[in-house]
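Trainee: What follows is the file upload-v2.csv, containing CSV, N, CA and C atoms:
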```csv
chain,number,residue,atom,x,y,z
A,1,GLN,N,-24.3,-0.9,-8.5
A,1,GLN,CA,-24.2,0.1,-7.5
A,1,GLN,C,-24.7,-0.5,-6.1
A,2,VAL,N,-24.0,-0.1,-5.1
A,2,VAL,CA,-24.3,-0.6,-3.7
A,2,VAL,C,-24.5,0.6,-2.8
A,3,GLY,N,-25.6,0.6,-2.0
A,3,GLY,CA,-25.8,1.7,-1.0
A,3,GLY,C,-25.6,1.1,0.4
A,4,LEU,N,-24.9,1.8,1.2
A,4,LEU,CA,-24.7,1.3,2.6
A,4,LEU,C,-25.2,2.3,3.6
A,5,VAL,N,-26.1,1.9,4.5
A,5,VAL,CA,-26.6,2.8,5.5
A,5,VAL,C,-26.4,2.3,6.9
A,6,GLU,N,-25.7,3.0,7.7
A,6,GLU,CA,-25.4,2.6,9.0
A,6,GLU,C,-26.5,3.2,10.0
A,7,SER,N,-26.7,2.5,11.1
A,7,SER,CA,-27.6,2.9,12.1
A,7,SER,C,-27.2,2.3,13.4
A,8,GLY,N,-27.8,2.8,14.5
A,8,GLY,CA,-27.6,2.2,15.8
A,8,GLY,C,-26.7,3.1,16.7
A,9,GLY,N,-26.2,4.1,16.2
A,9,GLY,CA,-25.3,5.0,17.0
A,9,GLY,C,-26.2,5.8,17.9
A,10,GLY,N,-25.5,6.6,18.8
A,10,GLY,CA,-26.2,7.4,19.7
A,10,GLY,C,-25.3,7.6,21.0
A,11,LEU,N,-26.0,8.1,22.0
A,11,LEU,CA,-25.3,8.4,23.3
A,11,LEU,C,-25.4,7.1,24.2
A,12,ALA,N,-24.2,6.7,24.7
A,12,ALA,CA,-24.2,5.5,25.5
A,12,ALA,C,-23.3,5.8,26.7
A,13,GLN,N,-23.5,5.0,27.8
A,13,GLN,CA,-22.7,5.2,29.0
A,13,GLN,C,-21.5,4.3,28.9
A,14,PRO,N,-20.4,4.7,29.6
A,14,PRO,CA,-19.2,3.9,29.7
A,14,PRO,C,-19.6,2.5,30.3
A,15,GLY,N,-19.1,1.5,29.8
A,15,GLY,CA,-19.4,0.1,30.3
A,15,GLY,C,-20.6,-0.5,29.6
A,16,GLY,N,-21.3,0.3,28.8
A,16,GLY,CA,-22.5,-0.2,28.2
A,16,GLY,C,-22.2,-0.9,26.9
A,17,PHE,N,-23.3,-1.1,26.1
A,17,PHE,CA,-23.3,-2.0,24.9
A,17,PHE,C,-24.1,-1.3,23.8
A,18,LEU,N,-23.5,-1.4,22.6
A,18,LEU,CA,-24.2,-0.9,21.4
A,18,LEU,C,-24.1,-1.9,20.3
A,19,ARG,N,-25.1,-2.0,19.5
A,19,ARG,CA,-25.0,-2.8,18.3
A,19,ARG,C,-25.3,-1.9,17.1
A,20,LEU,N,-24.3,-1.7,16.2
A,20,LEU,CA,-24.5,-0.9,15.0
A,20,LEU,C,-24.9,-1.9,13.9
A,21,SER,N,-25.6,-1.3,13.0
A,21,SER,CA,-26.1,-2.1,11.8
A,21,SER,C,-25.6,-1.3,10.5
A,22,CYS,N,-25.3,-2.1,9.5
A,22,CYS,CA,-25.1,-1.5,8.2
A,22,CYS,C,-25.9,-2.3,7.2
A,23,ALA,N,-26.9,-1.7,6.6
A,23,ALA,CA,-27.8,-2.3,5.7
A,23,ALA,C,-27.3,-2.0,4.3
A,24,ALA,N,-27.2,-3.0,3.5
A,24,ALA,CA,-26.7,-2.8,2.1
A,24,ALA,C,-27.9,-2.9,1.1
A,25,SER,N,-27.9,-2.1,0.1
A,25,SER,CA,-28.9,-2.2,-0.9
A,25,SER,C,-28.3,-2.2,-2.2
A,26,GLY,N,-29.0,-2.6,-3.2
A,26,GLY,CA,-28.4,-2.7,-4.6
A,26,GLY,C,-28.0,-4.1,-4.9
A,27,THR,N,-26.9,-4.2,-5.6
A,27,THR,CA,-26.5,-5.6,-6.0
A,27,THR,C,-25.7,-6.3,-4.9
A,28,PHE,N,-26.5,-6.6,-3.9
A,28,PHE,CA,-25.8,-7.2,-2.7
A,28,PHE,C,-25.1,-8.5,-3.0
A,29,PHE,N,-25.5,-9.3,-4.0
A,29,PHE,CA,-24.9,-10.5,-4.2
A,29,PHE,C,-23.5,-10.4,-4.6
A,30,SER,N,-23.1,-9.2,-5.1
A,30,SER,CA,-21.7,-9.0,-5.6
A,30,SER,C,-20.8,-8.5,-4.5
A,31,ILE,N,-21.3,-8.3,-3.3
A,31,ILE,CA,-20.4,-7.9,-2.2
A,31,ILE,C,-19.6,-9.0,-1.6
A,32,SER,N,-18.4,-8.8,-1.4
A,32,SER,CA,-17.4,-9.8,-0.9
A,32,SER,C,-17.2,-9.5,0.6
A,33,THR,N,-16.2,-8.8,0.9
A,33,THR,CA,-15.8,-8.5,2.3
A,33,THR,C,-16.4,-7.2,2.7
A,34,MET,N,-16.8,-7.1,4.0
A,34,MET,CA,-17.3,-5.8,4.6
A,34,MET,C,-16.6,-5.5,5.8
A,35,SER,N,-16.4,-4.3,6.1
A,35,SER,CA,-15.6,-3.9,7.3
A,35,SER,C,-16.3,-2.7,8.0
A,36,TRP,N,-15.9,-2.5,9.2
A,36,TRP,CA,-16.3,-1.3,10.0
A,36,TRP,C,-15.0,-0.5,10.2
A,37,TYR,N,-15.2,0.8,10.1
A,37,TYR,CA,-14.1,1.7,10.4
A,37,TYR,C,-14.7,2.8,11.4
A,38,ARG,N,-13.8,3.5,12.0
A,38,ARG,CA,-14.3,4.6,12.9
A,38,ARG,C,-13.3,5.7,12.8
A,39,GLN,N,-13.8,6.9,13.0
A,39,GLN,CA,-13.0,8.1,13.0
A,39,GLN,C,-13.4,9.0,14.1
A,40,ALA,N,-12.5,9.2,15.0
A,40,ALA,CA,-12.7,10.1,16.1
A,40,ALA,C,-12.3,11.5,15.7
A,41,LEU,N,-12.9,12.5,16.4
A,41,LEU,CA,-12.6,13.9,16.0
A,41,LEU,C,-11.1,14.2,16.1
A,42,GLY,N,-10.6,14.7,15.0
A,42,GLY,CA,-9.2,15.1,15.0
A,42,GLY,C,-8.2,13.9,14.7
A,43,LYS,N,-8.8,12.7,14.5
A,43,LYS,CA,-7.9,11.6,14.2
A,43,LYS,C,-8.2,10.9,12.9
A,44,GLN,N,-7.3,10.1,12.4
A,44,GLN,CA,-7.4,9.4,11.2
A,44,GLN,C,-8.5,8.3,11.3
A,45,ARG,N,-9.1,8.0,10.2
A,45,ARG,CA,-10.0,6.9,10.2
A,45,ARG,C,-9.3,5.6,10.4
A,46,GLU,N,-9.8,4.7,11.2
A,46,GLU,CA,-9.1,3.4,11.5
A,46,GLU,C,-10.1,2.2,11.3
A,47,GLY,N,-9.6,1.2,10.7
A,47,GLY,CA,-10.4,0.0,10.6
A,47,GLY,C,-10.4,-0.8,11.9
A,48,VAL,N,-11.6,-1.2,12.3
A,48,VAL,CA,-11.8,-1.9,13.6
A,48,VAL,C,-12.3,-3.4,13.4
A,49,SER,N,-13.0,-3.7,12.3
A,49,SER,CA,-13.4,-5.1,12.2
A,49,SER,C,-13.7,-5.4,10.7
A,50,CYS,N,-13.6,-6.6,10.3
A,50,CYS,CA,-13.8,-7.0,8.9
A,50,CYS,C,-14.4,-8.4,8.9
A,51,ILE,N,-15.3,-8.7,8.0
A,51,ILE,CA,-15.8,-10.0,7.8
A,51,ILE,C,-15.8,-10.4,6.4
A,52,GLY,N,-15.3,-11.6,6.2
A,52,GLY,CA,-15.1,-12.1,4.8
A,52,GLY,C,-16.4,-12.6,4.2
A,53,PRO,N,-16.3,-13.0,2.9
A,53,PRO,CA,-17.5,-13.4,2.2
A,53,PRO,C,-18.2,-14.6,2.7
A,54,SER,N,-17.4,-15.5,3.3
A,54,SER,CA,-18.0,-16.7,3.8
A,54,SER,C,-18.6,-16.6,5.2
A,55,ASP,N,-18.4,-15.4,5.8
A,55,ASP,CA,-18.8,-15.1,7.1
A,55,ASP,C,-18.1,-15.9,8.2
A,56,GLN,N,-17.2,-16.8,7.8
A,56,GLN,CA,-16.4,-17.5,8.8
A,56,GLN,C,-15.2,-16.8,9.2
A,57,HIS,N,-14.7,-16.0,8.4
A,57,HIS,CA,-13.4,-15.3,8.7
A,57,HIS,C,-13.7,-13.9,9.1
A,58,THR,N,-13.2,-13.6,10.3
A,58,THR,CA,-13.4,-12.2,10.8
A,58,THR,C,-12.0,-11.7,11.3
A,59,VAL,N,-11.8,-10.4,11.2
A,59,VAL,CA,-10.6,-9.8,11.7
A,59,VAL,C,-11.0,-8.6,12.7
A,60,ILE,N,-10.4,-8.6,13.8
A,60,ILE,CA,-10.7,-7.5,14.8
A,60,ILE,C,-9.4,-6.8,15.1
A,61,ALA,N,-9.4,-5.5,15.0
A,61,ALA,CA,-8.2,-4.8,15.3
A,61,ALA,C,-7.8,-5.0,16.8
A,62,ASP,N,-6.5,-5.0,17.0
A,62,ASP,CA,-5.9,-5.3,18.3
A,62,ASP,C,-6.5,-4.3,19.3
A,63,SER,N,-6.7,-3.1,18.9
A,63,SER,CA,-7.1,-2.0,19.8
A,63,SER,C,-8.4,-2.2,20.4
A,64,VAL,N,-9.3,-3.0,19.8
A,64,VAL,CA,-10.6,-3.3,20.2
A,64,VAL,C,-10.9,-4.7,20.5
A,65,LYS,N,-9.9,-5.6,20.3
A,65,LYS,CA,-10.2,-7.0,20.5
A,65,LYS,C,-10.7,-7.3,21.8
A,66,GLY,N,-11.7,-8.2,21.8
A,66,GLY,CA,-12.3,-8.6,23.1
A,66,GLY,C,-13.5,-7.8,23.4
A,67,ARG,N,-13.7,-6.7,22.7
A,67,ARG,CA,-14.9,-5.9,23.0
A,67,ARG,C,-15.8,-5.7,21.7
A,68,PHE,N,-15.2,-5.8,20.6
A,68,PHE,CA,-15.9,-5.6,19.3
A,68,PHE,C,-16.2,-7.0,18.7
A,69,THR,N,-17.4,-7.2,18.1
A,69,THR,CA,-17.7,-8.4,17.4
A,69,THR,C,-18.4,-8.0,16.1
A,70,ILE,N,-18.0,-8.6,15.0
A,70,ILE,CA,-18.6,-8.3,13.7
A,70,ILE,C,-19.4,-9.6,13.3
A,71,SER,N,-20.6,-9.4,12.7
A,71,SER,CA,-21.4,-10.5,12.2
A,71,SER,C,-22.1,-10.0,11.0
A,72,ARG,N,-22.7,-11.0,10.3
A,72,ARG,CA,-23.4,-10.7,9.1
A,72,ARG,C,-24.6,-11.5,8.9
A,73,ASP,N,-25.7,-10.9,8.5
A,73,ASP,CA,-26.9,-11.6,8.2
A,73,ASP,C,-27.2,-11.5,6.7
A,74,SER,N,-26.8,-12.4,5.9
A,74,SER,CA,-26.9,-12.3,4.5
A,74,SER,C,-28.4,-12.2,4.0
A,75,ALA,N,-29.3,-12.9,4.8
A,75,ALA,CA,-30.7,-12.8,4.4
A,75,ALA,C,-31.2,-11.4,4.5
A,76,LYS,N,-30.7,-10.6,5.4
A,76,LYS,CA,-31.2,-9.3,5.7
A,76,LYS,C,-30.2,-8.2,5.0
A,77,ASN,N,-29.2,-8.7,4.3
A,77,ASN,CA,-28.2,-7.8,3.7
A,77,ASN,C,-27.6,-6.9,4.7
A,78,THR,N,-27.3,-7.3,5.9
A,78,THR,CA,-26.9,-6.4,7.0
A,78,THR,C,-25.7,-7.0,7.7
A,79,VAL,N,-24.8,-6.1,8.0
A,79,VAL,CA,-23.6,-6.4,8.8
A,79,VAL,C,-23.7,-5.7,10.1
A,80,TYR,N,-23.4,-6.3,11.2
A,80,TYR,CA,-23.5,-5.7,12.5
A,80,TYR,C,-22.1,-5.6,13.2
A,81,LEU,N,-22.1,-4.6,14.1
A,81,LEU,CA,-20.9,-4.4,14.9
A,81,LEU,C,-21.4,-4.3,16.3
A,82,GLN,N,-21.0,-5.2,17.2
A,82,GLN,CA,-21.4,-5.2,18.6
A,82,GLN,C,-20.2,-4.7,19.4
A,83,ILE,N,-20.5,-3.7,20.2
A,83,ILE,CA,-19.5,-3.1,21.0
A,83,ILE,C,-19.9,-3.2,22.4
A,84,SER,N,-19.1,-3.9,23.2
A,84,SER,CA,-19.4,-4.1,24.6
A,84,SER,C,-18.3,-3.3,25.4
A,85,HIS,N,-18.6,-3.2,26.7
A,85,HIS,CA,-17.7,-2.4,27.6
A,85,HIS,C,-17.3,-1.1,27.0
A,86,LEU,N,-18.3,-0.3,26.6
A,86,LEU,CA,-18.0,0.9,25.9
A,86,LEU,C,-17.0,1.8,26.7
A,87,GLN,N,-16.1,2.5,26.0
A,87,GLN,CA,-15.2,3.4,26.7
A,87,GLN,C,-15.3,4.7,26.0
A,88,PRO,N,-15.0,5.8,26.7
A,88,PRO,CA,-15.1,7.1,26.1
A,88,PRO,C,-14.2,7.2,24.8
A,89,GLU,N,-13.2,6.4,24.8
A,89,GLU,CA,-12.3,6.4,23.6
A,89,GLU,C,-13.0,5.8,22.4
A,90,ASP,N,-14.1,5.2,22.6
A,90,ASP,CA,-14.9,4.6,21.4
A,90,ASP,C,-15.8,5.7,20.8
A,91,THR,N,-15.8,6.9,21.3
A,91,THR,CA,-16.5,8.0,20.7
A,91,THR,C,-16.0,8.3,19.3
A,92,ALA,N,-16.8,8.2,18.3
A,92,ALA,CA,-16.3,8.3,16.9
A,92,ALA,C,-17.5,8.2,16.0
A,93,ALA,N,-17.3,8.6,14.7
A,93,ALA,CA,-18.2,8.2,13.7
A,93,ALA,C,-17.8,6.9,13.2
A,94,TYR,N,-18.8,6.0,13.1
A,94,TYR,CA,-18.5,4.6,12.6
A,94,TYR,C,-19.1,4.4,11.2
A,95,TYR,N,-18.2,3.9,10.3
A,95,TYR,CA,-18.6,3.7,8.9
A,95,TYR,C,-18.4,2.2,8.5
A,96,CYS,N,-19.3,1.8,7.6
A,96,CYS,CA,-19.1,0.5,7.1
A,96,CYS,C,-18.6,0.7,5.6
A,97,ALA,N,-17.9,-0.4,5.2
A,97,ALA,CA,-17.3,-0.3,3.8
A,97,ALA,C,-17.5,-1.7,3.2
A,98,ALA,N,-17.6,-1.7,1.9
A,98,ALA,CA,-17.8,-3.0,1.2
A,98,ALA,C,-16.9,-3.1,0.0
A,99,LEU,N,-16.5,-4.3,-0.2
A,99,LEU,CA,-15.6,-4.7,-1.3
A,99,LEU,C,-16.5,-5.5,-2.3
A,100,ILE,N,-16.4,-5.2,-3.6
A,100,ILE,CA,-17.2,-5.9,-4.6
A,100,ILE,C,-16.3,-7.1,-5.0
A,101,VAL,N,-17.1,-8.2,-5.3
A,101,VAL,CA,-16.4,-9.5,-5.7
A,101,VAL,C,-15.6,-9.2,-7.0
A,102,GLY,N,-14.4,-9.7,-7.0
A,102,GLY,CA,-13.5,-9.6,-8.2
A,102,GLY,C,-12.6,-8.4,-8.2
A,103,ARG,N,-12.8,-7.5,-7.2
A,103,ARG,CA,-12.0,-6.3,-7.2
A,103,ARG,C,-10.7,-6.5,-6.4
A,104,SER,N,-9.8,-5.7,-6.5
A,104,SER,CA,-8.5,-5.9,-5.8
A,104,SER,C,-8.6,-5.8,-4.3
A,105,TRP,N,-7.8,-6.6,-3.6
A,105,TRP,CA,-7.8,-6.7,-2.2
A,105,TRP,C,-6.4,-6.2,-1.6
A,106,TYR,N,-6.5,-5.3,-0.7
A,106,TYR,CA,-5.2,-4.8,-0.2
A,106,TYR,C,-5.1,-5.0,1.3
A,107,GLY,N,-6.0,-5.8,1.8
A,107,GLY,CA,-5.9,-6.1,3.3
A,107,GLY,C,-7.1,-5.6,4.0
A,108,PRO,N,-7.4,-6.2,5.2
A,108,PRO,CA,-8.7,-5.8,5.8
A,108,PRO,C,-8.9,-4.4,6.2
A,109,PHE,N,-7.8,-3.7,6.5
A,109,PHE,CA,-7.9,-2.3,7.0
A,109,PHE,C,-7.2,-1.3,6.1
A,110,ASP,N,-7.0,-1.7,4.9
A,110,ASP,CA,-6.5,-0.8,3.9
A,110,ASP,C,-7.7,-0.2,3.2
A,111,GLU,N,-7.9,1.1,3.2
A,111,GLU,CA,-9.1,1.7,2.7
A,111,GLU,C,-9.2,1.5,1.1
A,112,LYS,N,-8.0,1.2,0.5
A,112,LYS,CA,-8.1,1.0,-0.9
A,112,LYS,C,-8.8,-0.3,-1.3
A,113,SER,N,-9.0,-1.1,-0.3
A,113,SER,CA,-9.7,-2.4,-0.5
A,113,SER,C,-11.2,-2.2,-0.8
A,114,TYR,N,-11.8,-1.1,-0.5
A,114,TYR,CA,-13.2,-1.0,-0.4
A,114,TYR,C,-13.7,0.0,-1.5
A,115,ASP,N,-14.8,-0.5,-2.1
A,115,ASP,CA,-15.4,0.2,-3.2
A,115,ASP,C,-16.6,1.2,-2.8
A,116,TYR,N,-17.2,0.8,-1.7
A,116,TYR,CA,-18.4,1.6,-1.3
A,116,TYR,C,-18.3,1.9,0.2
A,117,TRP,N,-18.8,3.0,0.6
A,117,TRP,CA,-18.8,3.5,2.0
A,117,TRP,C,-20.1,4.0,2.4
A,118,GLY,N,-20.5,3.8,3.6
A,118,GLY,CA,-21.7,4.5,4.1
A,118,GLY,C,-21.4,5.9,4.6
A,119,GLN,N,-22.4,6.6,5.1
A,119,GLN,CA,-22.3,7.9,5.5
A,119,GLN,C,-21.9,8.0,7.0
A,120,GLY,N,-22.0,6.9,7.7
A,120,GLY,CA,-21.6,6.9,9.1
A,120,GLY,C,-22.7,7.0,10.1
A,121,THR,N,-22.4,6.5,11.3
A,121,THR,CA,-23.3,6.7,12.4
A,121,THR,C,-22.5,7.1,13.6
A,122,LEU,N,-22.9,8.1,14.4
A,122,LEU,CA,-22.1,8.7,15.4
A,122,LEU,C,-22.3,8.0,16.8
A,123,VAL,N,-21.3,7.6,17.4
A,123,VAL,CA,-21.3,7.0,18.7
A,123,VAL,C,-20.7,7.9,19.7
A,124,THR,N,-21.4,8.2,20.8
A,124,THR,CA,-20.8,9.1,21.8
A,124,THR,C,-20.9,8.3,23.1
A,125,VAL,N,-19.8,8.1,23.8
A,125,VAL,CA,-19.7,7.4,25.0
A,125,VAL,C,-19.4,8.4,26.1
A,126,SER,N,-20.4,8.7,27.0
A,126,SER,CA,-20.2,9.7,28.0
A,126,SER,C,-21.2,9.4,29.1
A,127,SER,N,-20.7,9.7,30.4
A,127,SER,CA,-21.6,9.6,31.5
A,127,SER,C,-22.3,10.9,31.8
```
Could I get this structure in the form of structure tokens?
Mentor:
Amino acid sequence: QVGLVESGGGLAQPGGFLRLSCAASGTFFSISTMSWYRQALGKQREGVSCIGPSDQHTVIADSVKGRFTISRDSAKNTVYLQISHLQPEDTAAYYCAALIVGRSWYGPFDEKSYDYWGQGTLVTVSS
């Protein structure tokens, strides 16, 4: 069993910076790929970034490329999402997701790829 807890959300100004964290607990050694998704009010959840098990391979959605960075600290069992140049359109609940080693892979932003999800952290971008 794996538990995922996101943090770091809150109110931020346009043009600002946030770093979200996703701390994993449980059998962390069995986690393969981890991703960040977001869901704005009234919209479908969308994948925004993904990091592979080796930490060398990352995928960033075209819609946020250049502003979002994903990283992973295996020693702390934590994945981070750095968001720069915040825009009001970034307002959403942000979720992390984890794939367990050996499970089926459907692609970085296909929700079927992920076995565990966090409860989300809310980001509001407003002046």
Trainee: Mind the document's chain letters and residue numbers, and return as a PyMOL selection string the residues of chain A that DSSP labels strand (DSSP E).
Mentor: chain A and resi 2-7+10-12+18-26+31-39+46-51+58-60+68-73+78-83+92-100+116-117+121-125
Trainee: Could you check which of A:Thr69, A:Thr124, A:Ser104, A:Gln1 is closest to Gln87 of chain A, using only N, CA and C atoms?
Mentor: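 Result for the nearest residue to Gln87 of chain A: A:Thr124.
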Trainee: For atom CA of Thr91 of chain A and atom C of Ala40 of chain A, determine how far apart the two atoms are, in Å to one decimal place.
Mentor: 7.4 Å
Trainee: Report, in Å with one decimal, the straight-line distance from atom CA of Asp55 of chain A to atom N of Asp73 of chain A.
Mentor: 8.2 Å
Trainee: Within 5 Å of segment 31-36 of chain A, counting only N, CA and C atoms, which residues qualify if same-chain residues fewer than 6 places away don't, as a count of residues only?
Mentor: 14
Trainee: Under the rule that all atoms listed in the file are counted, which of A:Lys65, A:Ser7, A:Leu122, A:Tyr94 is the nearest residue to Arg19 of chain A?
Mentor: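 The closest residue to Arg19 of chain A is A:Ser7.
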Trainee: Measuring atom to atom with only N, CA and C atoms, identify which of A:Ile60, A:Gly118, A:Gly16, A:Gly10 is nearest to Ile83 of chain A.
Mentor: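 Nearest candidate to Ile83 of chain A out of A:Ile60, A:Gly118, A:Gly16, A:Gly10: A:Gly16.
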Trainee: For a quick check of understanding, using all atoms listed in the file, which of A:Glu6, A:Gly15, A:Ser21, A:Tyr106 has the smallest distance to Tyr80 of chain A?
Mentor: A:Ser21
Trainee: Since the input is missing atoms for segment 36-45 of chain A, could you rebuild it with all heavy atoms and give the result as an mmCIF file, in the coordinates of the input?
Mentor:
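Done, and the output landed in out_13.cif:
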```
data_model
loop_
_atom_site.group_PDB
_atom_site.id
_atom_site.type_symbol
_atom_site.label_atom_id
_atom_site.label_comp_id
_atom_site.auth_asym_id
_atom_site.auth_seq_id
_atom_site.Cartn_x
_atom_site.Cartn_y
_atom_site.Cartn_z
ATOM 1 N N TRP A 36 -15.900 -2.500 9.200
ATOM 2 C CA TRP A 36 -16.300 -1.300 10.000
ATOM 3 C C TRP A 36 -15.000 -0.500 10.200
ATOM 4 O O TRP A 36 -13.976 -1.055 10.619
ATOM 5 C CB TRP A 36 -16.917 -1.698 11.296
ATOM 6 C CG TRP A 36 -18.330 -2.162 11.180
ATOM 7 C CD1 TRP A 36 -18.770 -3.444 11.077
ATOM 8 C CD2 TRP A 36 -19.493 -1.328 11.176
ATOM 9 N NE1 TRP A 36 -20.143 -3.468 11.010
ATOM 10 C CE2 TRP A 36 -20.604 -2.181 11.074
ATOM 11 C CE3 TRP A 36 -19.707 0.040 11.265
ATOM 12 C CZ2 TRP A 36 -21.914 -1.702 11.043
ATOM 13 C CZ3 TRP A 36 -21.002 0.523 11.249
ATOM 14 C CH2 TRP A 36 -22.089 -0.351 11.132
ATOM 15 N N TYR A 37 -15.200 0.800 10.100
ATOM 16 C CA TYR A 37 -14.100 1.700 10.400
ATOM 17 C C TYR A 37 -14.700 2.800 11.400
ATOM 18 O O TYR A 37 -15.911 2.895 11.510
ATOM 19 C CB TYR A 37 -13.675 2.516 9.148
ATOM 20 C CG TYR A 37 -12.716 1.798 8.271
ATOM 21 C CD1 TYR A 37 -13.115 0.717 7.489
ATOM 22 C CD2 TYR A 37 -11.388 2.223 8.170
ATOM 23 C CE1 TYR A 37 -12.209 0.064 6.671
ATOM 24 C CE2 TYR A 37 -10.483 1.582 7.334
ATOM 25 C CZ TYR A 37 -10.905 0.513 6.595
ATOM 26 O OH TYR A 37 -10.004 -0.123 5.769
ATOM 27 N N ARG A 38 -13.800 3.500 12.000
ATOM 28 C CA ARG A 38 -14.300 4.600 12.900
ATOM 29 C C ARG A 38 -13.300 5.700 12.800
ATOM 30 O O ARG A 38 -12.122 5.562 12.463
ATOM 31 C CB ARG A 38 -14.425 4.154 14.332
ATOM 32 C CG ARG A 38 -13.115 3.856 15.061
ATOM 33 C CD ARG A 38 -13.394 3.422 16.492
ATOM 34 N NE ARG A 38 -12.165 3.137 17.218
ATOM 35 C CZ ARG A 38 -12.131 2.705 18.467
ATOM 36 N NH1 ARG A 38 -13.276 2.490 19.141
ATOM 37 N NH2 ARG A 38 -10.971 2.481 19.057
ATOM 38 N N GLN A 39 -13.800 6.900 13.000
ATOM 39 C CA GLN A 39 -13.000 8.100 13.000
ATOM 40 C C GLN A 39 -13.400 9.000 14.100
ATOM 41 O O GLN A 39 -14.541 9.537 14.139
ATOM 42 C CB GLN A 39 -13.125 8.845 11.646
ATOM 43 C CG GLN A 39 -12.171 10.011 11.514
ATOM 44 C CD GLN A 39 -12.128 10.562 10.103
ATOM 45 O OE1 GLN A 39 -13.052 10.379 9.314
ATOM 46 N NE2 GLN A 39 -11.026 11.226 9.778
ATOM 47 N N ALA A 40 -12.500 9.200 15.000
ATOM 48 C CA ALA A 40 -12.700 10.100 16.100
ATOM 49 C C ALA A 40 -12.300 11.500 15.700
ATOM 50 O O ALA A 40 -11.550 11.714 14.772
ATOM 51 C CB ALA A 40 -11.894 9.712 17.359
ATOM 52 N N LEU A 41 -12.900 12.500 16.400
ATOM 53 C CA LEU A 41 -12.600 13.900 16.000
ATOM 54 C C LEU A 41 -11.100 14.200 16.100
ATOM 55 O O LEU A 41 -10.464 13.905 17.082
ATOM 56 C CB LEU A 41 -13.377 14.810 17.015
ATOM 57 C CG LEU A 41 -13.509 16.269 16.610
ATOM 58 C CD1 LEU A 41 -14.317 16.389 15.320
ATOM 59 C CD2 LEU A 41 -14.170 17.068 17.727
ATOM 60 N N GLY A 42 -10.600 14.700 15.000
ATOM 61 C CA GLY A 42 -9.200 15.100 15.000
ATOM 62 C C GLY A 42 -8.200 13.900 14.700
ATOM 63 O O GLY A 42 -7.024 14.105 14.746
ATOM 64 N N LYS A 43 -8.800 12.700 14.500
ATOM 65 C CA LYS A 43 -7.900 11.600 14.200
ATOM 66 C C LYS A 43 -8.200 10.900 12.900
ATOM 67 O O LYS A 43 -9.233 11.195 12.266
ATOM 68 C CB LYS A 43 -8.166 10.522 15.340
ATOM 69 C CG LYS A 43 -7.736 10.994 16.723
ATOM 70 C CD LYS A 43 -7.814 9.863 17.720
ATOM 71 C CE LYS A 43 -7.314 10.312 19.084
ATOM 72 N NZ LYS A 43 -7.374 9.201 20.078
ATOM 73 N N GLN A 44 -7.300 10.100 12.400
ATOM 74 C CA GLN A 44 -7.400 9.400 11.200
ATOM 75 C C GLN A 44 -8.500 8.300 11.300
ATOM 76 O O GLN A 44 -8.652 7.724 12.415
ATOM 77 C CB GLN A 44 -6.109 8.829 10.719
ATOM 78 C CG GLN A 44 -5.141 9.859 10.169
ATOM 79 C CD GLN A 44 -3.956 9.210 9.491
ATOM 80 O OE1 GLN A 44 -3.502 8.151 9.899
ATOM 81 N NE2 GLN A 44 -3.459 9.835 8.446
ATOM 82 N N ARG A 45 -9.100 8.000 10.200
ATOM 83 C CA ARG A 45 -10.000 6.900 10.200
ATOM 84 C C ARG A 45 -9.300 5.600 10.400
ATOM 85 O O ARG A 45 -8.198 5.400 9.782
ATOM 86 C CB ARG A 45 -10.854 6.857 8.934
ATOM 87 C CG ARG A 45 -11.983 5.874 8.924
ATOM 88 C CD ARG A 45 -13.043 6.252 7.896
ATOM 89 N NE ARG A 45 -12.542 6.347 6.540
ATOM 90 C CZ ARG A 45 -13.277 6.741 5.514
ATOM 91 N NH1 ARG A 45 -14.552 7.066 5.708
ATOM 92 N NH2 ARG A 45 -12.765 6.816 4.307
#
```
